[in-house]
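**Q** Take a look at the following structure, please.
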Amino acid sequence: MNEIESRFNSYAEAFGLIEIISLVFYGAIVLETLWDIAINHRKKGETFANFLIEIGNTLLERTIFGVIFVAGLLFVESFITWRIPVEWWSWVLAIIVTDFLYYWEHRWEHEVRVLWAGHGVHHSSPEFNLSTSMRLSWVESSYSWIFFVPMVVFGFDVVQILVSFLAVLIYQTWIHTERIGTLGWLDKVFNTPSIHRVHHGTNAKYLDKNYGGFFIIWDRLFGTYQAEEETVIYGVLDPVNSINPVKINFIEYFKIGVDAARSRSLSDAFRYIFGRPGWTAKTKKKPS
């Protein structure tokens, strides 16, 4: 078996494993949804929106955005002459580095308004259950690849990067639940349901905390860790108040456009787009 065939087989096995895990999680989401609707009388609206958003995402990510992700990284790779070999140890390293870069992507999505316009879709539901994990922006995956360009520069294989990225995302499915409490020392190392509930909270002490994918150690290192200490209030500070998937996905972009168009200066317009979410220009008082 030559090197190319061996590498192809290893990628196929990795993608195959991810597909199997994804199907298991999809099954768990459907079962939880049916149980909660039948037994706990959960409202159907938000969950219905989550499934519709997931359908849109699946179509986009398996076509145009998937191509953009791979093509963008392959373009960068064409300028790189060194490679990290695709071995078991490089897979472990790739997962760790991917998670580190995901932390920063996730953090900037909370700190830069135009990025929050996409990522905020995931936070917009006032409910928190497994189906919430599917509530991901239709736009977000079109630019996510940019945050992983450093891995290409360091010599990681593009397909290895993609598989690692998908692994980090899929891992987070099971942590969208209120059915699992705290998990002791695991909450100090990994992203767990308790840790992620905090991330989805609008409580003052919970805002902009716990960005990790697999691990929570990055949050501990960079001062964004917060343990679950009080009942979480889910959603966003400026509620969407809609279960329309199109409105959920694009309402914040519309608001950015309105704020920027009404700005009194280019600097204010710039900050409405690229500043922190919630930033507003202070109105200067006219001299009396």
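Letters A, B, ... mark the chains of the structure tokens in the order given; residue numbers begin at 1 per chain; ligand numbers begin at 1, in order shown.
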At a cut-off of 12 Å, can you tabulate as a Markdown table every residue of stretch 104-135 of chain A near stretch 179-191 of chain A together with its closest atom pair and the distance in Å to one decimal, using only C-alpha atoms and ordering rows by chain then number?
**A**
```
| residue | atom | partner | partner_atom | distance |
| --- | --- | --- | --- | --- |
| A:Phe128 | CA | A:Arg179 | CA | 10.3 |
| A:Asn129 | CA | A:Arg179 | CA | 8.7 |
| A:Leu130 | CA | A:Arg179 | CA | 10.0 |
```
**Q** Tell me, as a list in words, which residues lie within 10 Å of stretch 141-143 of chain A, counting only C-alpha atoms; anything in the same chain fewer than 6 positions away does not count.
**A**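 Selected residues are Asn57, Leu60, Glu61, Ile64, Phe65, Gly66, Val67, Ile68, Phe69, Gly72, Leu115, Gly118 and His119 of chain A.
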**Q** Go through stretch 72-177 of chain A residue by residue and, counting only C-alpha atoms, keep those with an atom at most 6 Å from stretch 266-281 of chain A; for each kept residue give the shortest atom pair and its distance in Å to one decimal, ordered by chain and increasing number, as JSON lines.
**A**
```
{"residue": "A:Glu111", "atom": "CA", "partner": "A:Arg276", "partner_atom": "CA", "distance": 4.9}
{"residue": "A:Val112", "atom": "CA", "partner": "A:Arg276", "partner_atom": "CA", "distance": 5.0}
{"residue": "A:Arg113", "atom": "CA", "partner": "A:Pro277", "partner_atom": "CA", "distance": 4.6}
{"residue": "A:Val114", "atom": "CA", "partner": "A:Ile273", "partner_atom": "CA", "distance": 5.5}
```
**Q** Looking at A:Tyr26, A:Phe156, A:Phe48, A:Trp218, which one is nearest to A:Ile80, with distances taken over only C-alpha atoms?
**A**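 Distance minimum relative to A:Ile80 lands on A:Phe156.
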**Q** As a list in words, please: the residues near A:Ile84 (cut-off 8 Å, only C-alpha atoms, same-chain neighbours under 2 positions excluded).
**A**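 Once the nearby chain positions are removed, what remains is Trp82, Val86, Ser90, Phe154, Gly155, Phe156 and Asp157 of chain A.
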**Q** Using only all heavy atoms, please write the residues we just selected to a file, as a PDB file, in the first residue's frame.
**A**
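File written: again_37.pdb
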```
ATOM      1  N   TRP A  82       6.852  22.778   4.327  1.00  0.00           N
ATOM      2  CA  TRP A  82       7.120  21.788   5.366  1.00  0.00           C
ATOM      3  C   TRP A  82       5.814  21.141   5.821  1.00  0.00           C
ATOM      4  O   TRP A  82       4.741  21.738   5.714  1.00  0.00           O
ATOM      5  CB  TRP A  82       7.843  22.426   6.562  1.00  0.00           C
ATOM      6  CG  TRP A  82       7.144  23.643   7.094  1.00  0.00           C
ATOM      7  CD1 TRP A  82       6.176  23.702   8.053  1.00  0.00           C
ATOM      8  CD2 TRP A  82       7.350  25.001   6.665  1.00  0.00           C
ATOM      9  NE1 TRP A  82       5.752  24.992   8.260  1.00  0.00           N
ATOM     10  CE2 TRP A  82       6.465  25.816   7.422  1.00  0.00           C
ATOM     11  CE3 TRP A  82       8.197  25.608   5.723  1.00  0.00           C
ATOM     12  CZ2 TRP A  82       6.415  27.195   7.260  1.00  0.00           C
ATOM     13  CZ3 TRP A  82       8.136  26.981   5.565  1.00  0.00           C
ATOM     14  CH2 TRP A  82       7.255  27.764   6.335  1.00  0.00           C
ATOM     15  N   VAL A  86       1.466  12.725   9.269  1.00  0.00           N
ATOM     16  CA  VAL A  86       0.157  12.304   9.787  1.00  0.00           C
ATOM     17  C   VAL A  86       0.341  10.986  10.526  1.00  0.00           C
ATOM     18  O   VAL A  86       0.289   9.903   9.933  1.00  0.00           O
ATOM     19  CB  VAL A  86      -0.865  12.163   8.647  1.00  0.00           C
ATOM     20  CG1 VAL A  86      -2.224  11.730   9.209  1.00  0.00           C
ATOM     21  CG2 VAL A  86      -0.998  13.471   7.880  1.00  0.00           C
ATOM     22  N   SER A  90       0.486  13.122  15.933  1.00  0.00           N
ATOM     23  CA  SER A  90       0.096  14.392  15.317  1.00  0.00           C
ATOM     24  C   SER A  90      -1.415  14.583  15.363  1.00  0.00           C
ATOM     25  O   SER A  90      -1.903  15.718  15.367  1.00  0.00           O
ATOM     26  CB  SER A  90       0.618  14.485  13.882  1.00  0.00           C
ATOM     27  OG  SER A  90       0.032  13.518  13.043  1.00  0.00           O
ATOM     28  N   PHE A 154       1.928  26.002  10.369  1.00  0.00           N
ATOM     29  CA  PHE A 154       2.790  25.173  11.218  1.00  0.00           C
ATOM     30  C   PHE A 154       3.085  23.819  10.575  1.00  0.00           C
ATOM     31  O   PHE A 154       3.971  23.105  11.031  1.00  0.00           O
ATOM     32  CB  PHE A 154       2.143  24.946  12.580  1.00  0.00           C
ATOM     33  CG  PHE A 154       2.083  26.186  13.426  1.00  0.00           C
ATOM     34  CD1 PHE A 154       1.051  26.356  14.341  1.00  0.00           C
ATOM     35  CD2 PHE A 154       3.040  27.180  13.321  1.00  0.00           C
ATOM     36  CE1 PHE A 154       0.973  27.498  15.123  1.00  0.00           C
ATOM     37  CE2 PHE A 154       2.980  28.327  14.095  1.00  0.00           C
ATOM     38  CZ  PHE A 154       1.948  28.494  14.994  1.00  0.00           C
ATOM     39  N   GLY A 155       2.313  23.444   9.535  1.00  0.00           N
ATOM     40  CA  GLY A 155       2.602  22.207   8.816  1.00  0.00           C
ATOM     41  C   GLY A 155       1.592  21.096   8.978  1.00  0.00           C
ATOM     42  O   GLY A 155       1.807  19.981   8.490  1.00  0.00           O
ATOM     43  N   PHE A 156       0.470  21.355   9.650  1.00  0.00           N
ATOM     44  CA  PHE A 156      -0.560  20.322   9.795  1.00  0.00           C
ATOM     45  C   PHE A 156      -1.252  20.070   8.456  1.00  0.00           C
ATOM     46  O   PHE A 156      -1.436  20.987   7.651  1.00  0.00           O
ATOM     47  CB  PHE A 156      -1.606  20.732  10.833  1.00  0.00           C
ATOM     48  CG  PHE A 156      -1.153  20.596  12.253  1.00  0.00           C
ATOM     49  CD1 PHE A 156      -0.699  21.692  12.964  1.00  0.00           C
ATOM     50  CD2 PHE A 156      -1.184  19.366  12.894  1.00  0.00           C
ATOM     51  CE1 PHE A 156      -0.282  21.572  14.287  1.00  0.00           C
ATOM     52  CE2 PHE A 156      -0.777  19.230  14.206  1.00  0.00           C
ATOM     53  CZ  PHE A 156      -0.312  20.337  14.903  1.00  0.00           C
ATOM     54  N   ASP A 157      -1.637  18.829   8.235  1.00  0.00           N
ATOM     55  CA  ASP A 157      -2.353  18.435   7.039  1.00  0.00           C
ATOM     56  C   ASP A 157      -3.759  19.029   7.057  1.00  0.00           C
ATOM     57  O   ASP A 157      -4.429  19.058   8.093  1.00  0.00           O
ATOM     58  CB  ASP A 157      -2.426  16.907   6.982  1.00  0.00           C
ATOM     59  CG  ASP A 157      -3.126  16.422   5.735  1.00  0.00           C
ATOM     60  OD1 ASP A 157      -2.460  16.267   4.713  1.00  0.00           O
ATOM     61  OD2 ASP A 157      -4.361  16.213   5.807  1.00  0.00           O
TER      62      ASP A 157
END
```
**Q** Enumerate the residues of stretch 70-277 of chain A with a DSSP assignment of alpha helix (DSSP H), computed from the backbone, and present them as a PDB file with C-alpha atoms, in the first residue's frame.
**A**
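And here's out11.pdb as it stands now:
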```pdb
ATOM      1  CA  VAL A  70     -11.010  23.093   2.413  1.00  0.00           C
ATOM      2  CA  ALA A  71     -10.160  25.318  -0.571  1.00  0.00           C
ATOM      3  CA  GLY A  72      -9.124  28.202   1.677  1.00  0.00           C
ATOM      4  CA  LEU A  73      -6.738  26.044   3.700  1.00  0.00           C
ATOM      5  CA  LEU A  74      -5.407  24.265   0.589  1.00  0.00           C
ATOM      6  CA  PHE A  75      -4.632  27.637  -0.955  1.00  0.00           C
ATOM      7  CA  VAL A  76      -2.540  28.584   2.085  1.00  0.00           C
ATOM      8  CA  GLU A  77      -0.927  25.132   2.101  1.00  0.00           C
ATOM      9  CA  TRP A  88      -1.089   9.041  15.869  1.00  0.00           C
ATOM     10  CA  TRP A  89       0.825  11.669  17.865  1.00  0.00           C
ATOM     11  CA  SER A  90       0.096  14.392  15.317  1.00  0.00           C
ATOM     12  CA  TRP A  91      -3.623  13.575  15.586  1.00  0.00           C
ATOM     13  CA  VAL A  92      -3.433  14.159  19.346  1.00  0.00           C
ATOM     14  CA  LEU A  93      -1.471  17.367  18.804  1.00  0.00           C
ATOM     15  CA  ALA A  94      -3.898  18.500  16.101  1.00  0.00           C
ATOM     16  CA  ILE A  95      -6.875  18.095  18.455  1.00  0.00           C
ATOM     17  CA  ILE A  96      -5.134  20.140  21.168  1.00  0.00           C
ATOM     18  CA  VAL A  97      -4.054  22.920  18.794  1.00  0.00           C
ATOM     19  CA  THR A  98      -7.481  22.972  17.120  1.00  0.00           C
ATOM     20  CA  ASP A  99      -9.135  23.346  20.504  1.00  0.00           C
ATOM     21  CA  PHE A 100      -6.775  26.195  21.406  1.00  0.00           C
ATOM     22  CA  LEU A 101      -7.560  28.060  18.189  1.00  0.00           C
ATOM     23  CA  TYR A 102     -11.266  27.297  18.614  1.00  0.00           C
ATOM     24  CA  TYR A 103     -11.099  28.986  22.011  1.00  0.00           C
ATOM     25  CA  TRP A 104      -9.878  32.192  20.381  1.00  0.00           C
ATOM     26  CA  GLU A 105     -12.357  32.001  17.521  1.00  0.00           C
ATOM     27  CA  HIS A 106     -15.148  31.506  20.033  1.00  0.00           C
ATOM     28  CA  ARG A 107     -13.914  34.312  22.259  1.00  0.00           C
ATOM     29  CA  TRP A 108     -13.618  36.812  19.385  1.00  0.00           C
ATOM     30  CA  GLU A 109     -17.111  35.867  18.272  1.00  0.00           C
ATOM     31  CA  HIS A 110     -18.308  37.183  21.607  1.00  0.00           C
ATOM     32  CA  GLU A 111     -16.124  40.301  21.524  1.00  0.00           C
ATOM     33  CA  ARG A 113     -20.073  42.447  16.986  1.00  0.00           C
ATOM     34  CA  VAL A 114     -20.037  41.393  13.333  1.00  0.00           C
ATOM     35  CA  LEU A 115     -18.794  37.957  14.443  1.00  0.00           C
ATOM     36  CA  TRP A 116     -21.343  37.872  17.253  1.00  0.00           C
ATOM     37  CA  ALA A 117     -24.048  38.464  14.613  1.00  0.00           C
ATOM     38  CA  GLY A 118     -23.331  34.948  13.417  1.00  0.00           C
ATOM     39  CA  HIS A 119     -22.448  33.174  16.627  1.00  0.00           C
ATOM     40  CA  GLY A 120     -25.281  34.813  18.568  1.00  0.00           C
ATOM     41  CA  VAL A 121     -27.679  32.537  16.668  1.00  0.00           C
ATOM     42  CA  HIS A 122     -26.484  29.673  18.860  1.00  0.00           C
ATOM     43  CA  HIS A 123     -27.206  31.650  22.032  1.00  0.00           C
ATOM     44  CA  VAL A 149      -4.769  29.041   8.966  1.00  0.00           C
ATOM     45  CA  PRO A 150      -1.982  29.022  11.628  1.00  0.00           C
ATOM     46  CA  MET A 151      -2.223  25.217  11.723  1.00  0.00           C
ATOM     47  CA  VAL A 152      -1.504  25.059   7.993  1.00  0.00           C
ATOM     48  CA  VAL A 153       1.438  27.419   8.448  1.00  0.00           C
ATOM     49  CA  PHE A 154       2.790  25.173  11.218  1.00  0.00           C
ATOM     50  CA  VAL A 158      -5.530  20.180   5.816  1.00  0.00           C
ATOM     51  CA  VAL A 159      -7.769  17.120   6.134  1.00  0.00           C
ATOM     52  CA  GLN A 160      -6.360  16.462   9.601  1.00  0.00           C
ATOM     53  CA  ILE A 161      -7.336  20.028  10.536  1.00  0.00           C
ATOM     54  CA  LEU A 162     -10.855  19.572   9.182  1.00  0.00           C
ATOM     55  CA  VAL A 163     -11.368  16.278  11.017  1.00  0.00           C
ATOM     56  CA  SER A 164     -10.043  17.776  14.271  1.00  0.00           C
ATOM     57  CA  PHE A 165     -12.329  20.793  13.884  1.00  0.00           C
ATOM     58  CA  LEU A 166     -15.369  18.581  13.325  1.00  0.00           C
ATOM     59  CA  ALA A 167     -14.399  16.475  16.336  1.00  0.00           C
ATOM     60  CA  VAL A 168     -14.287  19.569  18.567  1.00  0.00           C
ATOM     61  CA  LEU A 169     -17.714  20.666  17.324  1.00  0.00           C
ATOM     62  CA  ILE A 170     -19.365  17.253  17.612  1.00  0.00           C
ATOM     63  CA  TYR A 171     -18.013  16.728  21.120  1.00  0.00           C
ATOM     64  CA  LEU A 186     -13.871  16.851  35.070  1.00  0.00           C
ATOM     65  CA  ASP A 187     -15.438  20.324  35.259  1.00  0.00           C
ATOM     66  CA  LYS A 188     -11.967  21.718  35.930  1.00  0.00           C
ATOM     67  CA  VAL A 189     -10.364  20.169  32.843  1.00  0.00           C
ATOM     68  CA  PRO A 193     -22.705  20.342  30.755  1.00  0.00           C
ATOM     69  CA  SER A 194     -22.285  22.428  33.912  1.00  0.00           C
ATOM     70  CA  ILE A 195     -19.502  24.481  32.348  1.00  0.00           C
ATOM     71  CA  HIS A 196     -21.417  25.020  29.112  1.00  0.00           C
ATOM     72  CA  ARG A 197     -24.638  26.006  30.856  1.00  0.00           C
ATOM     73  CA  VAL A 198     -22.674  28.915  32.283  1.00  0.00           C
ATOM     74  CA  HIS A 199     -21.520  29.868  28.780  1.00  0.00           C
ATOM     75  CA  ILE A 217      -7.991  24.807  30.624  1.00  0.00           C
ATOM     76  CA  TRP A 218      -7.714  27.674  28.120  1.00  0.00           C
ATOM     77  CA  ASP A 219     -10.361  29.599  30.043  1.00  0.00           C
ATOM     78  CA  ARG A 220      -8.451  29.018  33.249  1.00  0.00           C
ATOM     79  CA  LEU A 221      -5.241  30.231  31.628  1.00  0.00           C
ATOM     80  CA  PHE A 222      -6.757  33.357  30.081  1.00  0.00           C
ATOM     81  CA  PRO A 245     -35.015  30.522  11.173  1.00  0.00           C
ATOM     82  CA  VAL A 246     -34.304  33.317   8.678  1.00  0.00           C
ATOM     83  CA  LYS A 247     -34.925  36.051  11.251  1.00  0.00           C
ATOM     84  CA  ILE A 248     -32.902  34.177  13.881  1.00  0.00           C
ATOM     85  CA  ASN A 249     -29.948  33.978  11.484  1.00  0.00           C
ATOM     86  CA  PHE A 250     -29.950  37.504  10.085  1.00  0.00           C
ATOM     87  CA  ILE A 251     -31.627  39.883  12.559  1.00  0.00           C
ATOM     88  CA  GLU A 252     -28.352  41.002  14.142  1.00  0.00           C
ATOM     89  CA  TYR A 253     -26.775  41.784  10.761  1.00  0.00           C
ATOM     90  CA  PHE A 254     -29.802  43.972  10.026  1.00  0.00           C
ATOM     91  CA  LYS A 255     -29.385  45.759  13.354  1.00  0.00           C
ATOM     92  CA  ILE A 256     -25.691  46.347  12.645  1.00  0.00           C
ATOM     93  CA  GLY A 257     -26.581  47.871   9.279  1.00  0.00           C
ATOM     94  CA  VAL A 258     -29.144  50.184  10.874  1.00  0.00           C
ATOM     95  CA  ASP A 259     -26.731  51.305  13.609  1.00  0.00           C
ATOM     96  CA  ALA A 260     -23.886  51.878  11.145  1.00  0.00           C
ATOM     97  CA  ALA A 261     -26.119  53.805   8.718  1.00  0.00           C
ATOM     98  CA  LEU A 266     -17.059  56.742  10.205  1.00  0.00           C
ATOM     99  CA  SER A 267     -15.344  55.847  13.471  1.00  0.00           C
ATOM    100  CA  ASP A 268     -18.705  55.265  15.149  1.00  0.00           C
ATOM    101  CA  ALA A 269     -19.885  53.167  12.198  1.00  0.00           C
ATOM    102  CA  PHE A 270     -16.680  51.129  12.412  1.00  0.00           C
ATOM    103  CA  ARG A 271     -17.212  50.477  16.115  1.00  0.00           C
ATOM    104  CA  TYR A 272     -20.839  49.483  15.572  1.00  0.00           C
ATOM    105  CA  ILE A 273     -19.552  46.822  13.185  1.00  0.00           C
ATOM    106  CA  PHE A 274     -16.276  45.721  14.781  1.00  0.00           C
TER     107      PHE A 274
END
```
**Q** Neighbouring residues of A:Ile175 were defined as those with any atom within 6 Å, considering only C-alpha atoms; residues of the same chain fewer than 2 positions away were excluded. Please report them as a PyMOL selection string.
**A** chain A and resi 172-173+177+192-193
**Q** Given the selection you just returned, output its residues as a file containing all heavy atoms, formatted as a PDB file, in the first residue's frame.
**A**
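Listed below is the output, result00.pdb:
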```pdb
ATOM      1  N   GLN A 172     -19.229  18.795  21.482  1.00  0.00           N
ATOM      2  CA  GLN A 172     -20.034  19.722  22.272  1.00  0.00           C
ATOM      3  C   GLN A 172     -21.532  19.440  22.223  1.00  0.00           C
ATOM      4  O   GLN A 172     -22.305  20.102  22.924  1.00  0.00           O
ATOM      5  CB  GLN A 172     -19.750  21.157  21.815  1.00  0.00           C
ATOM      6  CG  GLN A 172     -18.320  21.587  22.103  1.00  0.00           C
ATOM      7  CD  GLN A 172     -18.011  22.968  21.598  1.00  0.00           C
ATOM      8  OE1 GLN A 172     -18.503  23.967  22.126  1.00  0.00           O
ATOM      9  NE2 GLN A 172     -17.198  23.053  20.559  1.00  0.00           N
ATOM     10  N   THR A 173     -21.951  18.465  21.422  1.00  0.00           N
ATOM     11  CA  THR A 173     -23.379  18.134  21.360  1.00  0.00           C
ATOM     12  C   THR A 173     -23.913  17.722  22.733  1.00  0.00           C
ATOM     13  O   THR A 173     -24.934  18.235  23.198  1.00  0.00           O
ATOM     14  CB  THR A 173     -23.620  16.995  20.352  1.00  0.00           C
ATOM     15  OG1 THR A 173     -23.113  17.369  19.072  1.00  0.00           O
ATOM     16  CG2 THR A 173     -25.117  16.693  20.241  1.00  0.00           C
ATOM     17  N   THR A 177     -27.195  20.173  27.879  1.00  0.00           N
ATOM     18  CA  THR A 177     -28.247  19.491  28.632  1.00  0.00           C
ATOM     19  C   THR A 177     -28.281  19.964  30.080  1.00  0.00           C
ATOM     20  O   THR A 177     -27.250  20.350  30.639  1.00  0.00           O
ATOM     21  CB  THR A 177     -28.025  17.961  28.608  1.00  0.00           C
ATOM     22  OG1 THR A 177     -29.083  17.322  29.335  1.00  0.00           O
ATOM     23  CG2 THR A 177     -26.702  17.578  29.231  1.00  0.00           C
ATOM     24  N   THR A 192     -17.909  20.610  30.058  1.00  0.00           N
ATOM     25  CA  THR A 192     -18.949  19.692  30.519  1.00  0.00           C
ATOM     26  C   THR A 192     -20.301  20.405  30.516  1.00  0.00           C
ATOM     27  O   THR A 192     -20.371  21.624  30.318  1.00  0.00           O
ATOM     28  CB  THR A 192     -18.633  19.208  31.949  1.00  0.00           C
ATOM     29  OG1 THR A 192     -18.643  20.355  32.819  1.00  0.00           O
ATOM     30  CG2 THR A 192     -17.274  18.517  32.017  1.00  0.00           C
ATOM     31  N   PRO A 193     -21.399  19.682  30.731  1.00  0.00           N
ATOM     32  CA  PRO A 193     -22.705  20.342  30.755  1.00  0.00           C
ATOM     33  C   PRO A 193     -22.777  21.517  31.731  1.00  0.00           C
ATOM     34  O   PRO A 193     -23.320  22.573  31.393  1.00  0.00           O
ATOM     35  CB  PRO A 193     -23.650  19.203  31.164  1.00  0.00           C
ATOM     36  CG  PRO A 193     -23.010  17.989  30.583  1.00  0.00           C
ATOM     37  CD  PRO A 193     -21.534  18.200  30.793  1.00  0.00           C
TER      38      PRO A 193
END
```
**Q** Extract, using only C-alpha atoms, all DNA, RNA and protein residues at most 12 Å from A:Asp36, discarding same-chain residues fewer than 6 positions from it, and format them as a list in words.
**A**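 In the requested form, the answer reads Ile29, Val30, Arg42, Lys43, Lys44, Thr47, Asn129, Leu130, Ser131 and Arg179 of chain A.
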**Q** Could you tell me how far atom CA of A:Asp208 lies from atom CA of A:Gly223, in Å and to one decimal?
**A**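 For atom CA of A:Asp208 relative to atom CA of A:Gly223, the distance reads 10.7 Å.
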**Q** In Å, rounded to a single decimal, give me how far atom CA of A:Pro239 is from atom CA of A:Arg135.
**A** 15.0 Å
